[in-house]
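The structure appears below as C-alpha cells.
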Amino acid sequence: MTRSRNPVIPKRAKKVLSIQSHVVHGYVGNKAATFPLQTLNWDVDVLNSVNFSNHTGYGSWKGHSCTGIEIEQLFEGLEGINMHYDAILTGYTHGASALKSVGSKCIAMKKNQPNIVWLLDPVMGDEGQLYVSKEVIPVYREILSHRLVDIITPNQFELELLLNIKITDLNSLRSAVKLLHLEFAVKYLVVSSLTLTAEALGLDSSHNGKMYSCISSMDSDKLLFFEIDRYDSYFTGVGDLFSALLLDRLYKSGDVVDSTNQVLSIMSRVLYVTREICVKDLGKEVNAKIGDFKTMKECELRIVECADLYAQQDCDYAPFEL
Amino acid sequence: MRDKSQLLSQIHPARDILSISSHVVHGKVGNDAIQFPLNTRHWNVDCIHTTNLSNHPGYKQFKGSKSSPALIESLFEGVRDIKLQYDAAIVGYVASKDILETIYQKILLQLAEDTIVVVDPIMGDNGRLYVEEALVVLYKEIFSDERCENLIDLVTPNQFEMEMLTDIKISDLDTLKDAIRLFFKLYKVKHVVVTSVNFEDSDGMLCIGAKSDGEMYTVSVPKIDAVFSGSGDLFLGILTDRFVKSNGDLAGSLKHTVSVVHKVLEITYELGIDQPPKRYVDGKPYVPALRLVESRRFLQEDYIVKCGVTTDTTFL
C-alpha cells in the first residue's frame with residue numbers, strides 16, 4: 001500500500017465521459033458505473049442514452065429513449081465548452097441511429113485526442129438472446145473498424161456477433177480473439193463471462209459447473225483464463241459495473257492481467273453482498289425472475305452499500321493458460 | 001480465497017431518496033451536485049431529471065432540452081408501478097411552472113405520508129430572477145395549500161428567494177426576522193432555512209434556520225471571494241441528509257451542512273480557480289464546477305469539519 005503524501009489539496013480527478021442508460025431506480029448503465037468511478041477519483045460526465053424509470057427486466061417501465069439527434073446535440077454542447085476527457089466509456093445504446101451518433105462523436109473525439117482511453121462495451125445480448133435490434137450489430141462493427149477502441153468487454157455471445165463466428169471450443173475462441181485484434185486493433189479484450197463449459201475448454205471433470213473469464217492483449221499471444229465464482233441469481237448491471245471498474249484499473253496500471261483479476265475479485269464481493277442483503281431482507285434465497293418486480297427490486301446491485309469495495313486491490317484468482 | 005462473510009459486518013445499510021432536479025452532462029449542479037454526496041452518505045438516490053443539458057447556462061452556451069411534464073409524470077408512474085417507497089424526497093431546479101405543477105400534483109401528493117420532503121424554491125439569486133414569474137406564484141400557492149401542512153417538511157430559499165416569497169426586502173436582522181415571521185404566517189411549512197444571507201455591513205455570510213414554533217438559529221461562515229455554481233444544490237443534499245438522520249434537529253443539521261459546503265468551496269477554489277480568473281460575476285472570480293469528487297473525504301457523514309462556524313439560538 002502506498003501512503004499518500006499529506007494531502008492538503010487533493011489530487012485532481014481524471015475526467016471520463018460515460019455514455020450509457022439512465023434509470024431513475026436501480027443500478028444498470030450509468031447508474032451502476034457512476035458512483036463506483038467517483039469513489040475512485042473520476043469526475044464522471046454522465047450522458048444518458050435512455051431515460052427510464054427502471055430497467056426493463058422488471059416487466060414494466062416508463063420513459064424515453066434518446067434519439068441520435070438528441071445525443072449529438074449534447075456532444076455539440078460539450079464541444080462548445082471545449083471539454084477534454086481522459087477516458088470514454090460507452091455502454092448500452094438502444095438503437096442503430098443513437099449508436100451511430102455515439103460512435104461518430106466518440107471517433108471524432110478520439111482522433112482529436114489520441115491519448116483518450118476508450119472502453120467500449122458492445123451491449124447486445126447474452127447467452128444467445130439478442131436484446132437490442134439486430135441493426136446495431138453492423139454499427140458496432142463499423143465503429144470498431146476505425147481501429148480506435150482501446151478496450152472491449154463483450155460477453156461470448158457479443159464476441160460471436162461482432163465477428164460473425166460461432167465459438168464452440170478453445171480453438172474457435174482462439175481464432176475469434178486473434179481476429180478481433182487483427183481487424184479492429186483493440187488493445188485489450190476482456191470477456192467477463194464465457195458460456196463455454198469447462199469440458200468445452202478441455203478441462204477435466206473436477207471443473208464441471210465452473211465459469212470462466214478470458215483476457216487477451218494485442219501485444220501478446222497468450223490467452224489467459226480465470227475460473228470465477230458463480231452466482232445463480234439473476235443480477236442486472238453486472239457487466240456495467242465490471243466495465244467501469246476495468247476502465248479505472250487499466251487506465252491506472254495498463255496491466256490487463258492484474259486489472260482483470262482485481263475487478264473480478266471485486267465483482268464477486270459485490271455479488272456476494274448483494275445476495276446476502278437480499279436473503280437477509282427477504283428471509284429466503286431469491287432468484288430474480290425477469291418480469292417479477294418484487295424479486296427484481298431485491299436483486300439490484302448494492303452499489304451504495306459496497307462503496308468501500310471498489311478501491312480494493314487484492315486478487316482472488318489465479319490466471320492460467322490452456 | 002478470503003472469507004467473504006467478513007464483508008457484511010462492514011456494510012452500512014442504505015436509505016432511499018427521490019431527487020427531482022436538473023441534469024447536466026458536464027458540471028455539478030442539480031442532481032449532479034446531489035447524487036454523489038448522498039451516495040457517499042449511504043443513500044440510494046433515485047433521480048428524476050427536469051433537464052437534460054450538456055452543461056449549465058453559467059458557461060454562457062449549452063445544448064439539450066428540458067424534460068416535458070409528461071415525461072416526468074411517466075417516470076414517476078414507472079417507479080410507482082414497481083411499488084417503491086422513499087425515506088425522503090428532494091425538489092430542486094424545476095425549470096417551469098408546468099413542471100412544478102406536475103411534481104406537486106403527480107409526485108409529492110402521491111408520496112407515502114412518512115416521506116420527508118425538502119423543497120428548494122429555485123428562482124434566482126443576488127437580485128436576479130432566472131425563472132418565469134408564474135413559477136414564483138405557483139411556489140407561493142403550493143406552500144400555502146392546506147395539503148402542504150403534513151407534506152413539505154423543509155423549504156430552503158436563499159435570501160433573494162425568501163424576499164420573493166414574502167415580498168419583504170431583507171437588509172438587516174430585523175427585516176430578516178420580519179420575513180421569517182411572515183413566511184410562517186403565510187405558508188403551511190414547519191421549517192425554513194435561508195441558505196445565504198449577506199448584509200452590507202458584515203464580513204461573513206449567515207445561514208438561518210427557523211421553526212414555526214419560533215426558534216431560530218444563526219450560523220455564520222466566512223465568505224469565499226468567488227461565485228460558484230451548484231453550491232445551493234450541494235447544500236440542499238447535505239442538509240436533507242442531516243435533517244432526516246437527526247430526526248429534524250435543524251440547528252445541528254444547519255451547522256454541519258454549512259461546514260461541509262464551506263470546505264467543498266475551499267477545495268474547489270484551490271483546485272479550480274484559473275489564475276488569472278477567466279470570468280467574473282458581480283466582480284468576483286467565477287468557478288463553474290464544484291470539485292465534489294476531489295472533496296469526497298469531507299463529504300463523509302462522520303467527517304467533522306472545523307471551520308469558523310458559530311451557532312446562536314434565539315427566538316423570533
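By order in the C-alpha cells, chains are A, B, ...; within a chain, residues start at 1; ligands start at 1, following the order shown.
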
Near chain A, which residues of chain B fall within 8 Å when you count only C-alpha atoms, and what do they look like as number ranges by chain?
-> B: 1-2, 4, 7-8, 11-14, 24-27, 36, 39-40, 42-48, 53-55, 59, 61-64, 71, 74-79, 81-82, 267, 270-271, 293-296

How would the residues just picked look written out with N, CA and C atoms as a short mmCIF file (atom, residue, chain, number, x, y, z; two decimals), in the first residue's frame?
```
data_model
loop_
_atom_site.label_atom_id
_atom_site.label_comp_id
_atom_site.auth_asym_id
_atom_site.auth_seq_id
_atom_site.Cartn_x
_atom_site.Cartn_y
_atom_site.Cartn_z
N MET B 1 -8.92 -18.13 -1.26
CA MET B 1 -9.90 -17.04 -1.34
C MET B 1 -10.30 -16.55 0.05
N ARG B 2 -10.40 -15.25 0.21
CA ARG B 2 -10.70 -14.73 1.55
C ARG B 2 -12.16 -14.99 1.93
N LYS B 4 -15.59 -14.17 2.67
CA LYS B 4 -16.42 -13.02 2.31
C LYS B 4 -17.39 -12.60 3.41
N LEU B 7 -17.17 -9.33 5.03
CA LEU B 7 -17.59 -8.12 4.31
C LEU B 7 -18.87 -7.54 4.89
N LEU B 8 -19.75 -8.44 5.31
CA LEU B 8 -21.08 -7.99 5.73
C LEU B 8 -21.05 -7.10 6.96
N ILE B 11 -20.70 -3.48 6.09
CA ILE B 11 -21.69 -2.87 5.20
C ILE B 11 -22.64 -1.96 5.96
N HIS B 12 -22.80 -0.77 5.42
CA HIS B 12 -23.68 0.21 6.03
C HIS B 12 -25.02 0.18 5.27
N PRO B 13 -26.14 -0.03 5.94
CA PRO B 13 -27.40 -0.08 5.19
C PRO B 13 -27.72 1.26 4.51
N ALA B 14 -28.43 1.19 3.40
CA ALA B 14 -28.72 2.41 2.65
C ALA B 14 -30.18 2.81 2.80
N VAL B 24 -27.11 17.79 -15.91
CA VAL B 24 -26.19 18.28 -16.94
C VAL B 24 -25.14 17.20 -17.16
N VAL B 25 -24.68 17.05 -18.41
CA VAL B 25 -23.62 16.06 -18.66
C VAL B 25 -22.35 16.52 -17.95
N HIS B 26 -21.95 17.76 -18.20
CA HIS B 26 -20.76 18.27 -17.53
C HIS B 26 -21.13 19.32 -16.48
N GLY B 27 -20.52 19.20 -15.33
CA GLY B 27 -20.74 20.19 -14.28
C GLY B 27 -21.43 19.56 -13.09
N PHE B 36 -23.74 12.34 -5.83
CA PHE B 36 -22.51 11.79 -5.26
C PHE B 36 -22.40 11.98 -3.73
N ASN B 39 -24.88 9.53 -2.21
CA ASN B 39 -24.39 8.15 -2.32
C ASN B 39 -23.32 7.90 -1.26
N THR B 40 -22.43 8.86 -1.11
CA THR B 40 -21.35 8.75 -0.12
C THR B 40 -21.92 8.62 1.30
N HIS B 42 -24.57 7.02 2.10
CA HIS B 42 -25.40 5.81 2.16
C HIS B 42 -26.86 6.01 1.76
N TRP B 43 -27.06 6.79 0.71
CA TRP B 43 -28.41 6.91 0.15
C TRP B 43 -28.42 6.34 -1.26
N ASN B 44 -29.43 5.55 -1.59
CA ASN B 44 -29.74 5.27 -2.98
C ASN B 44 -30.47 6.50 -3.49
N VAL B 45 -29.92 7.14 -4.50
CA VAL B 45 -30.52 8.38 -4.98
C VAL B 45 -31.23 8.10 -6.31
N ASP B 46 -32.55 8.10 -6.29
CA ASP B 46 -33.34 7.90 -7.50
C ASP B 46 -33.58 9.28 -8.12
N CYS B 47 -32.96 9.52 -9.25
CA CYS B 47 -33.02 10.86 -9.84
C CYS B 47 -34.04 10.94 -10.96
N ILE B 48 -35.00 11.85 -10.80
CA ILE B 48 -35.84 12.25 -11.93
C ILE B 48 -35.29 13.59 -12.40
N LEU B 53 -29.22 18.61 -20.16
CA LEU B 53 -28.42 19.62 -20.85
C LEU B 53 -26.95 19.18 -20.88
N SER B 54 -26.22 19.72 -21.87
CA SER B 54 -24.79 19.40 -21.94
C SER B 54 -24.05 19.99 -20.75
N ASN B 55 -24.49 21.16 -20.29
CA ASN B 55 -23.83 21.86 -19.18
C ASN B 55 -24.78 22.94 -18.70
N TYR B 59 -21.94 28.57 -18.25
CA TYR B 59 -20.86 28.52 -19.24
C TYR B 59 -21.17 29.40 -20.46
N GLN B 61 -23.01 29.03 -22.93
CA GLN B 61 -23.63 28.31 -24.04
C GLN B 61 -23.87 26.88 -23.62
N PHE B 62 -24.94 26.31 -24.13
CA PHE B 62 -25.25 24.92 -23.80
C PHE B 62 -26.21 24.36 -24.82
N LYS B 63 -26.31 23.04 -24.86
CA LYS B 63 -27.29 22.37 -25.73
C LYS B 63 -28.09 21.39 -24.88
N GLY B 64 -29.21 20.95 -25.43
CA GLY B 64 -30.01 19.96 -24.71
C GLY B 64 -31.43 20.44 -24.52
N LEU B 71 -43.14 13.48 -19.44
CA LEU B 71 -42.05 12.53 -19.18
C LEU B 71 -41.82 12.38 -17.67
N SER B 74 -44.53 10.33 -16.21
CA SER B 74 -44.47 8.91 -16.54
C SER B 74 -43.30 8.21 -15.84
N LEU B 75 -42.20 8.92 -15.65
CA LEU B 75 -41.08 8.30 -14.92
C LEU B 75 -41.49 7.96 -13.49
N PHE B 76 -42.26 8.88 -12.88
CA PHE B 76 -42.71 8.58 -11.52
C PHE B 76 -43.74 7.45 -11.51
N GLU B 77 -44.61 7.44 -12.51
CA GLU B 77 -45.56 6.32 -12.63
C GLU B 77 -44.83 5.00 -12.71
N GLY B 78 -43.74 5.02 -13.49
CA GLY B 78 -42.93 3.81 -13.64
C GLY B 78 -42.42 3.30 -12.30
N VAL B 79 -41.90 4.19 -11.46
CA VAL B 79 -41.39 3.72 -10.17
C VAL B 79 -42.54 3.38 -9.21
N ASP B 81 -45.32 2.03 -10.15
CA ASP B 81 -45.80 0.72 -10.58
C ASP B 81 -45.00 -0.42 -9.97
N ILE B 82 -43.74 -0.17 -9.66
CA ILE B 82 -42.96 -1.25 -9.03
C ILE B 82 -42.91 -1.05 -7.51
N ILE B 267 -11.96 23.79 -1.26
CA ILE B 267 -11.21 22.87 -2.12
C ILE B 267 -11.42 23.22 -3.59
N GLU B 270 -9.32 26.22 -4.42
CA GLU B 270 -7.89 25.87 -4.53
C GLU B 270 -7.59 25.16 -5.84
N LEU B 271 -8.46 24.23 -6.22
CA LEU B 271 -8.19 23.39 -7.39
C LEU B 271 -8.69 24.01 -8.68
N VAL B 293 -15.82 15.34 -6.42
CA VAL B 293 -15.10 14.08 -6.34
C VAL B 293 -13.82 14.24 -5.52
N GLU B 294 -13.12 15.35 -5.76
CA GLU B 294 -11.89 15.60 -5.01
C GLU B 294 -12.18 15.88 -3.53
N SER B 295 -13.38 16.31 -3.24
CA SER B 295 -13.73 16.66 -1.85
C SER B 295 -14.33 15.48 -1.10
N ARG B 296 -14.26 14.28 -1.67
CA ARG B 296 -15.07 13.19 -1.11
C ARG B 296 -14.77 12.86 0.34
#
```

Would you list the contacts of Val264 (chain B) as a PyMOL selection string, taking every protein, DNA or RNA residue within 9 Å and counting only C-alpha atoms, but skipping same-chain residues closer than 4 positions in sequence?
-> chain B and resi 231+259-260+268-269+290-292+294-296+298-299

Mind writing the picked residues with C-alpha atoms as a PDB file, in the first residue's frame?
```
ATOM      1  CA  SER B 231     -23.329  25.265  -4.024  1.00  0.00           C
ATOM      2  CA  SER B 259     -19.270  23.425   7.460  1.00  0.00           C
ATOM      3  CA  VAL B 260     -19.236  20.781   4.742  1.00  0.00           C
ATOM      4  CA  THR B 268     -12.973  23.907  -5.309  1.00  0.00           C
ATOM      5  CA  TYR B 269     -11.378  27.326  -5.083  1.00  0.00           C
ATOM      6  CA  LEU B 290     -17.627  22.235  -7.781  1.00  0.00           C
ATOM      7  CA  ARG B 291     -14.832  19.726  -7.134  1.00  0.00           C
ATOM      8  CA  LEU B 292     -17.074  17.186  -5.481  1.00  0.00           C
ATOM      9  CA  GLU B 294     -11.890  15.597  -5.007  1.00  0.00           C
ATOM     10  CA  SER B 295     -13.734  16.660  -1.845  1.00  0.00           C
ATOM     11  CA  ARG B 296     -15.073  13.185  -1.114  1.00  0.00           C
ATOM     12  CA  PHE B 298     -15.052  15.791   3.506  1.00  0.00           C
ATOM     13  CA  LEU B 299     -18.410  14.609   2.228  1.00  0.00           C
TER      14      LEU B 299
END
```

Can you tell me, as a PyMOL selection string, what residues are no more than 10 Å from region 255-258 of chain B when counting only C-alpha atoms, ignoring any on the same chain fewer than 6 positions away?
-> chain B and resi 195-196+206-209+217-221+234-243+299+301+303-311

Restrict the selected residues to N, CA and C atoms and save them as a CSV table (one decimal), in the first residue's frame.
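Below you can see selection-v8.csv, which holds the result:
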```csv
chain,number,residue,atom,x,y,z
B,195,THR,N,-30.6,30.1,3.0
B,195,THR,CA,-29.3,29.5,2.9
B,195,THR,C,-28.2,30.4,2.8
B,196,SER,N,-28.4,31.7,2.3
B,196,SER,CA,-27.2,32.6,2.3
B,196,SER,C,-27.7,34.0,2.4
B,206,LEU,N,-24.5,34.6,6.5
B,206,LEU,CA,-25.3,33.9,7.5
B,206,LEU,C,-26.2,32.9,6.9
B,207,CYS,N,-26.3,31.8,7.6
B,207,CYS,CA,-27.4,30.8,7.2
B,207,CYS,C,-28.3,30.8,8.4
B,208,ILE,N,-29.6,30.8,8.1
B,208,ILE,CA,-30.6,30.9,9.1
B,208,ILE,C,-31.5,29.8,9.1
B,209,GLY,N,-31.8,29.1,10.2
B,209,GLY,CA,-32.8,28.1,10.3
B,209,GLY,C,-33.9,28.6,11.2
B,217,TYR,N,-32.1,29.8,14.5
B,217,TYR,CA,-30.6,29.5,14.6
B,217,TYR,C,-29.9,30.3,13.6
B,218,THR,N,-28.8,30.9,14.0
B,218,THR,CA,-28.0,31.6,13.0
B,218,THR,C,-26.6,31.0,13.0
B,219,VAL,N,-26.2,30.6,11.8
B,219,VAL,CA,-24.8,30.1,11.6
B,219,VAL,C,-24.1,31.1,10.7
B,220,SER,N,-22.9,31.5,11.2
B,220,SER,CA,-22.1,32.4,10.4
B,220,SER,C,-20.9,31.8,9.9
B,221,VAL,N,-20.6,32.1,8.6
B,221,VAL,CA,-19.4,31.4,8.0
B,221,VAL,C,-18.7,32.5,7.2
B,234,LEU,N,-25.7,21.4,-3.5
B,234,LEU,CA,-24.9,20.6,-2.6
B,234,LEU,C,-25.5,20.9,-1.2
B,235,PHE,N,-25.8,22.1,-0.9
B,235,PHE,CA,-26.3,22.5,0.4
B,235,PHE,C,-27.6,21.7,0.7
B,236,LEU,N,-28.5,21.7,-0.3
B,236,LEU,CA,-29.8,21.0,-0.2
B,236,LEU,C,-29.6,19.5,0.1
B,237,GLY,N,-28.7,18.9,-0.6
B,237,GLY,CA,-28.5,17.4,-0.4
B,237,GLY,C,-28.0,17.1,1.0
B,238,ILE,N,-26.9,17.8,1.4
B,238,ILE,CA,-26.3,17.6,2.7
B,238,ILE,C,-27.3,17.9,3.8
B,239,LEU,N,-28.0,19.0,3.7
B,239,LEU,CA,-29.0,19.4,4.7
B,239,LEU,C,-30.1,18.3,4.8
B,240,THR,N,-30.5,17.8,3.7
B,240,THR,CA,-31.6,16.8,3.8
B,240,THR,C,-31.1,15.6,4.5
B,241,ASP,N,-29.8,15.2,4.2
B,241,ASP,CA,-29.3,14.0,4.8
B,241,ASP,C,-29.2,14.2,6.3
B,242,ARG,N,-28.7,15.3,6.8
B,242,ARG,CA,-28.6,15.6,8.2
B,242,ARG,C,-30.0,15.7,8.9
B,243,PHE,N,-30.9,16.4,8.2
B,243,PHE,CA,-32.2,16.7,8.8
B,243,PHE,C,-33.0,15.4,9.0
B,299,LEU,N,-17.0,14.8,2.4
B,299,LEU,CA,-18.4,14.6,2.2
B,299,LEU,C,-18.9,13.5,3.1
B,301,GLU,N,-20.3,11.4,6.1
B,301,GLU,CA,-21.2,11.9,7.1
B,301,GLU,C,-20.5,12.0,8.5
B,303,TYR,N,-17.4,12.9,9.0
B,303,TYR,CA,-16.3,13.9,8.9
B,303,TYR,C,-16.6,15.1,9.7
B,304,ILE,N,-15.8,15.5,10.6
B,304,ILE,CA,-16.1,16.7,11.4
B,304,ILE,C,-15.2,17.8,10.9
B,305,VAL,N,-15.8,18.8,10.2
B,305,VAL,CA,-15.1,19.9,9.6
B,305,VAL,C,-15.0,21.0,10.6
B,306,LYS,N,-13.8,21.4,10.8
B,306,LYS,CA,-13.6,22.5,11.7
B,306,LYS,C,-13.4,23.8,10.9
B,307,CYS,N,-14.4,24.6,10.8
B,307,CYS,CA,-14.2,25.9,10.2
B,307,CYS,C,-14.9,26.9,11.0
B,308,GLY,N,-14.8,28.2,10.7
B,308,GLY,CA,-15.3,29.3,11.5
B,308,GLY,C,-16.8,29.4,11.5
B,309,VAL,N,-17.4,28.4,12.2
B,309,VAL,CA,-18.9,28.4,12.2
B,309,VAL,C,-19.3,28.7,13.7
B,310,THR,N,-20.2,29.7,13.8
B,310,THR,CA,-20.8,29.9,15.1
B,310,THR,C,-22.3,29.8,15.0
B,311,THR,N,-22.9,29.2,16.0
B,311,THR,CA,-24.3,29.0,16.1
B,311,THR,C,-24.9,29.8,17.2
```

Exercise: Ile72 (chain B) partners within 8 Å, only C-alpha atoms, chain neighbours under 3 positions left out, as number ranges by chain | B: 48-50, 67-69, 75-76, 99, 102-103

So how far away is CA of Lys15 (chain A) from CA of Asp121 (chain A), in Å?
->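 Separating CA of Asp121 (chain A) from CA of Lys15 (chain A) is a distance of 18.5 Å.
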
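Counting from CA of Asp221 (chain A), the distance to CA of Asp255 (chain A) is 15.1 Å.
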
Determine which residues of region 56-205 of chain B DSSP labels as alpha helix (DSSP H) from the backbone of this structure, then write them out as a PyMOL selection string.
-> chain B and resi 69-81+97-102+133-144+159-166+173-186

Met216 (chain B): which residues within 10 Å, counting only C-alpha atoms, same-chain residues fewer than 5 positions away excluded, as number ranges by chain?
-> B: 177, 180, 191-193, 208-211, 250-251, 312-316

Write to file, as a compact mmCIF listing (two decimals), in the first residue's frame, the residues of the selection just made, with all heavy atoms.
```
# COMPACT_ATOMS: atom_id res chain seq x y z
N LYS B 177 -36.02 38.79 10.27
CA LYS B 177 -36.99 38.21 11.20
C LYS B 177 -38.43 38.48 10.76
O LYS B 177 -39.30 37.62 10.87
CB LYS B 177 -36.76 38.74 12.62
CG LYS B 177 -35.55 38.13 13.30
CD LYS B 177 -35.42 38.61 14.73
CE LYS B 177 -34.25 37.91 15.43
NZ LYS B 177 -34.11 38.35 16.81
N ILE B 180 -39.22 36.01 8.08
CA ILE B 180 -39.46 34.65 8.59
C ILE B 180 -40.83 34.55 9.28
O ILE B 180 -41.58 33.60 9.07
CB ILE B 180 -38.32 34.22 9.55
CG1 ILE B 180 -37.01 34.07 8.77
CG2 ILE B 180 -38.66 32.90 10.25
CD1 ILE B 180 -35.79 33.83 9.63
N HIS B 191 -40.52 24.15 8.75
CA HIS B 191 -39.11 24.56 8.86
C HIS B 191 -38.68 25.33 7.62
O HIS B 191 -39.01 24.94 6.51
CB HIS B 191 -38.19 23.35 8.99
CG HIS B 191 -38.54 22.42 10.10
ND1 HIS B 191 -39.45 21.40 9.95
CD2 HIS B 191 -38.11 22.36 11.38
CE1 HIS B 191 -39.57 20.75 11.10
NE2 HIS B 191 -38.78 21.31 11.98
N VAL B 192 -37.90 26.38 7.87
CA VAL B 192 -37.31 27.09 6.73
C VAL B 192 -35.84 27.33 7.01
O VAL B 192 -35.44 27.56 8.16
CB VAL B 192 -38.07 28.42 6.42
CG1 VAL B 192 -37.87 29.45 7.53
CG2 VAL B 192 -37.63 29.00 5.08
N VAL B 193 -35.03 27.19 5.97
CA VAL B 193 -33.62 27.54 6.08
C VAL B 193 -33.34 28.57 5.00
O VAL B 193 -33.61 28.33 3.82
CB VAL B 193 -32.71 26.30 5.89
CG1 VAL B 193 -31.27 26.72 5.63
CG2 VAL B 193 -32.78 25.40 7.12
N ILE B 208 -29.60 30.85 8.08
CA ILE B 208 -30.60 30.95 9.14
C ILE B 208 -31.54 29.76 9.07
O ILE B 208 -32.04 29.42 8.00
CB ILE B 208 -31.46 32.23 8.96
CG1 ILE B 208 -30.59 33.46 8.71
CG2 ILE B 208 -32.42 32.42 10.13
CD1 ILE B 208 -29.77 33.90 9.87
N GLY B 209 -31.78 29.13 10.21
CA GLY B 209 -32.79 28.10 10.27
C GLY B 209 -33.89 28.56 11.21
O GLY B 209 -33.60 29.19 12.23
N ALA B 210 -35.14 28.29 10.86
CA ALA B 210 -36.22 28.70 11.76
C ALA B 210 -37.34 27.68 11.75
O ALA B 210 -37.57 27.01 10.74
CB ALA B 210 -36.75 30.07 11.37
N LYS B 211 -37.97 27.52 12.91
CA LYS B 211 -39.10 26.60 13.03
C LYS B 211 -40.37 27.41 13.30
O LYS B 211 -40.32 28.48 13.89
CB LYS B 211 -38.85 25.64 14.20
CG LYS B 211 -37.57 24.84 14.03
CD LYS B 211 -37.58 23.52 14.79
CE LYS B 211 -37.52 23.70 16.29
NZ LYS B 211 -37.07 22.45 16.96
N LEU B 250 -32.71 20.80 13.48
CA LEU B 250 -32.40 21.82 12.48
C LEU B 250 -31.09 22.54 12.79
O LEU B 250 -30.28 22.77 11.89
CB LEU B 250 -33.56 22.83 12.40
CG LEU B 250 -33.57 23.75 11.19
CD1 LEU B 250 -33.63 22.96 9.88
CD2 LEU B 250 -34.74 24.73 11.26
N ALA B 251 -30.85 22.85 14.05
CA ALA B 251 -29.63 23.59 14.40
C ALA B 251 -28.39 22.77 14.06
O ALA B 251 -27.46 23.26 13.41
CB ALA B 251 -29.64 23.95 15.88
N ASP B 312 -26.04 30.32 16.98
CA ASP B 312 -26.65 31.11 18.03
C ASP B 312 -28.16 30.89 17.95
O ASP B 312 -28.75 30.90 16.89
CB ASP B 312 -26.18 32.57 17.81
CG ASP B 312 -27.20 33.60 18.18
OD1 ASP B 312 -27.74 33.48 19.29
OD2 ASP B 312 -27.42 34.52 17.36
N THR B 313 -28.74 30.53 19.07
CA THR B 313 -30.16 30.23 19.09
C THR B 313 -30.93 31.37 19.73
O THR B 313 -30.61 31.79 20.83
CB THR B 313 -30.41 28.95 19.92
OG1 THR B 313 -29.60 27.93 19.37
CG2 THR B 313 -31.86 28.54 19.86
N THR B 314 -31.88 31.89 19.01
CA THR B 314 -32.72 32.95 19.58
C THR B 314 -34.17 32.65 19.23
O THR B 314 -34.47 31.64 18.63
CB THR B 314 -32.36 34.32 18.98
OG1 THR B 314 -32.38 34.19 17.57
CG2 THR B 314 -31.03 34.83 19.45
N PHE B 315 -35.04 33.52 19.62
CA PHE B 315 -36.44 33.36 19.24
C PHE B 315 -36.90 34.53 18.40
O PHE B 315 -36.37 35.64 18.51
CB PHE B 315 -37.31 33.18 20.48
CG PHE B 315 -37.12 31.83 21.10
CD1 PHE B 315 -36.11 31.63 22.04
CD2 PHE B 315 -37.89 30.75 20.69
CE1 PHE B 315 -35.91 30.38 22.57
CE2 PHE B 315 -37.68 29.50 21.22
CZ PHE B 315 -36.69 29.31 22.17
N LEU B 316 -37.80 34.23 17.55
CA LEU B 316 -38.28 35.27 16.63
C LEU B 316 -38.98 36.39 17.39
O LEU B 316 -39.65 36.13 18.39
CB LEU B 316 -39.26 34.66 15.64
CG LEU B 316 -38.63 33.71 14.62
CD1 LEU B 316 -39.73 32.92 13.92
CD2 LEU B 316 -37.80 34.47 13.62
```

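Between CA of Met267 (chain A) and CA of Met211 (chain A) the interatomic distance comes to 13.7 Å.
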
Using backbone DSSP assignments, extract all strand (DSSP E) residues from region 121-249 of chain A; output them as a list in words.
->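 Assigned to strand (DSSP E), within region 121-249 of chain A: Gly125, Asp126, Gln129, Leu130, Ile151, Ile152, Tyr188, Leu189, Val190, Val191, Ser192, Ser193, Leu194, Met211, Tyr212, Ser213, Cys214, Ile215, Ser216, Ser217, Leu224, Phe225, Phe226, Glu227 and Ile228 of chain A.
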
Residues at most 8 Å from region 251-254 of chain A, counting only C-alpha atoms, excluding those fewer than 4 positions away in the same chain, as a ChimeraX atom specification?
-> /A:117,247,259

Would you write out those residues with C-alpha atoms, as a compact mmCIF listing (two decimals), in the first residue's frame?
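Saved file part-v3.txt follows:
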```txt
# COMPACT_ATOMS: atom_id res chain seq x y z
CA VAL A 117 -8.61 5.68 -23.38
CA LEU A 247 -11.52 1.11 -17.17
CA SER A 259 -6.53 -5.28 -13.53
```

Shell around Lys97 (chain B) at 12 Å using only C-alpha atoms, local window under 3 positions removed, as a PyMOL selection string = chain B and resi 50+68-69+93-94+100-104+121-123+131-142

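The shortest atom-to-atom distance to Ser193 (chain A), with only C-alpha atoms taken into account, belongs to A:Ile215 out of A:Met109, A:Leu170, A:Ile215, A:Val139.
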
Which of these, A:Ser206, A:Ser104, A:Ser175, A:Ser220, has the shortest distance to Lys187 (chain A) once you count only C-alpha atoms?
-> A:Ser220
